[in-house]
Amino acid sequence: LLSEISGSGCSVCSFRGRNLVNFSSALAIPSHVQSLDLSYNLLSGSFDGSQLPGSLSIVDLSSNYLTSFELGEGGNLKDLFLRNNSLSTFNMSSGSQLRVLDVSDNRITGDCGSFLSDVRPNRGAQTLNLANNSITGECETPSGTDKFIADYTYVSGVRTSADINTISCNYCHISEFVFPPGAAARKIHLQGNLLKTLTVNSSHIDRIDVSFNSITSVTFVDGSTTALSDLNASHNLIRMDGYQPNGGTVEVLDLSHNHLSNDIDLNDLISNKSSEVYVSNNKILRFVWLTSPLEPQLSVFDASANIIASVSNFNGGVAFSQKLNFSSNIIHGSIGDAFASCNGCEVLDLSHNLIDNISGSFDASISEVH
């Protein structure tokens, strides 16, 4: 294989899945090779990164049995993948300038802050993946990090630099998250943590996922929804008085599986910016339909699995939605002409209700009725 690569001038050398049990610097990797794949082999014990040729910029040692790794100066190495090993120790030299470091799915323990302080000399890192390790405590993302991933760890808090793009700490032990002043983070994923409140005070955020927490209130500081396109706050404990949009709304809003109840004023949830709204699996009795002169282009309005008994006051209240879902409620009797003026609605789902009369008329745009 090496002789073939030497003669071809190929920049990629792959020993993936070759059952290699050791790697030696004596292995003559041609100097023109920039990417070396040693994944899915039987390499075990300690690995000395100084054995790697200085010409390499990408090295993949994933899915082996390594227990420790010493990076050394790292040469020109930019991307290092060590996921799915048995690493308990990882050390890197102050001279290393990695672009990607992936040590996910290992056995690294101890304080996350201490681990990152060792990695901190790596000022050029754009992606840092620590997911599925046993690290604990609070941490601060190294300056220059573009994407920080610590899913399925025991991290209890994250402080971020202002220039980070993506934070992913799903299913950790985070009870509080504070957006740093001037934060430019575009995507924040904090699913399955211990959050009780969410205050959004940054106007740069594009997507927030805080589903499966214990959040009772969501507050937007004025102007903080400027760039926000997607908020997933499903499976929490939010009541309508705990949702404070402060005049702003998002494109995709998911408040399903919360504690919304009684009458819900859609003027607090929908604007011309809205495209999808999910409020299913709550205890909503009825909606106060839009009163402001809006023309939003919703593709989905899902109010299924609530306790809505009547749609008589609908009158095209969300007629702008392509798909209306009122299934699994307790709508009973006749629906009359409630859906006679649904210009733009294509699919109407009224299944699993108590309707006994559908003699009313439906808007001509509706092509499917369930």
# chains A, B, ... in the order shown; residues from 1 in each chain; ligands from 1
>>> select_by_dssp(residues="region 39-72 of chain A", states="strand (DSSP E or B)", output="VMD selection string")
chain A and resid 44 to 48 58 to 60 65 to 70
>>> residues_around(residues="Val33 (chain A)", least_positions_apart="5", cutoff="8 Å", atoms="only C-alpha atoms", output="JSON, numbers by chain")
{"A": [9, 10, 11, 12, 13, 55, 56]}
>>> write_last_selection(atoms="N, CA and C atoms", output="PDB file, in the first residue's frame")
ATOM      1  N   GLY A   9       1.545   9.704  -5.653  1.00  0.00           N
ATOM      2  CA  GLY A   9       1.504  11.101  -5.219  1.00  0.00           C
ATOM      3  C   GLY A   9       0.239  11.427  -4.455  1.00  0.00           C
ATOM      4  N   CYS A  10      -0.513  10.397  -4.061  1.00  0.00           N
ATOM      5  CA  CYS A  10      -1.768  10.597  -3.328  1.00  0.00           C
ATOM      6  C   CYS A  10      -1.487  11.234  -1.966  1.00  0.00           C
ATOM      7  N   SER A  11      -2.351  12.176  -1.549  1.00  0.00           N
ATOM      8  CA  SER A  11      -2.145  12.873  -0.284  1.00  0.00           C
ATOM      9  C   SER A  11      -2.840  12.186   0.882  1.00  0.00           C
ATOM     10  N   VAL A  12      -3.617  11.127   0.607  1.00  0.00           N
ATOM     11  CA  VAL A  12      -4.370  10.421   1.645  1.00  0.00           C
ATOM     12  C   VAL A  12      -3.868   8.995   1.768  1.00  0.00           C
ATOM     13  N   CYS A  13      -3.563   8.577   3.000  1.00  0.00           N
ATOM     14  CA  CYS A  13      -3.106   7.206   3.265  1.00  0.00           C
ATOM     15  C   CYS A  13      -4.029   6.581   4.290  1.00  0.00           C
ATOM     16  N   SER A  55       4.671  16.041   8.272  1.00  0.00           N
ATOM     17  CA  SER A  55       3.948  16.548   7.106  1.00  0.00           C
ATOM     18  C   SER A  55       2.432  16.388   7.241  1.00  0.00           C
ATOM     19  N   LEU A  56       1.980  15.553   8.192  1.00  0.00           N
ATOM     20  CA  LEU A  56       0.554  15.251   8.303  1.00  0.00           C
ATOM     21  C   LEU A  56      -0.231  16.445   8.848  1.00  0.00           C
TER      22      LEU A  56
END
>>> closest_residue(among="A:Thr219, A:Val100, A:Phe179, A:Asn282", to="Ile205 (chain A)", atoms="only C-alpha atoms")
A:Phe179
>>> closest_residue(among="A:Gln191, A:Asn329, A:Tyr243, A:Gly137", to="Asp151 (chain A)", atoms="only C-alpha atoms")
A:Gln191
>>> residues_around(residues="Leu87 (chain A)", least_positions_apart="6", cutoff="7 Å", atoms="only C-alpha atoms", output="list of chain:residue names")
A:Leu66, A:Thr67, A:Ser68, A:Asn106, A:Arg107, A:Ile108
>>> closest_residue(among="A:Ser134, A:Ser351, A:Asn262, A:Asn76", to="Ser156 (chain A)", atoms="only C-alpha atoms")
A:Ser134
>>> residues_around(residues="Tyr152 (chain A)", least_positions_apart="2", cutoff="7 Å", atoms="only C-alpha atoms", output="list in words")
Ala131, Asn132, Ala150, Tyr154, Asn170, Tyr171 and Cys172 of chain A
>>> closest_residue(among="A:Ser175, A:Ser57, A:Ser334, A:Asn357", to="Ser35 (chain A)", atoms="only C-alpha atoms")
A:Ser57
>>> atom_distance(atom1="CA of Ser62 (chain A)", atom2="CA of Ile149 (chain A)")
16.9 Å
>>> select_by_dssp(residues="region 71-271 of chain A", states="alpha helix (DSSP H)", output="ChimeraX atom specification")
/A:112-119
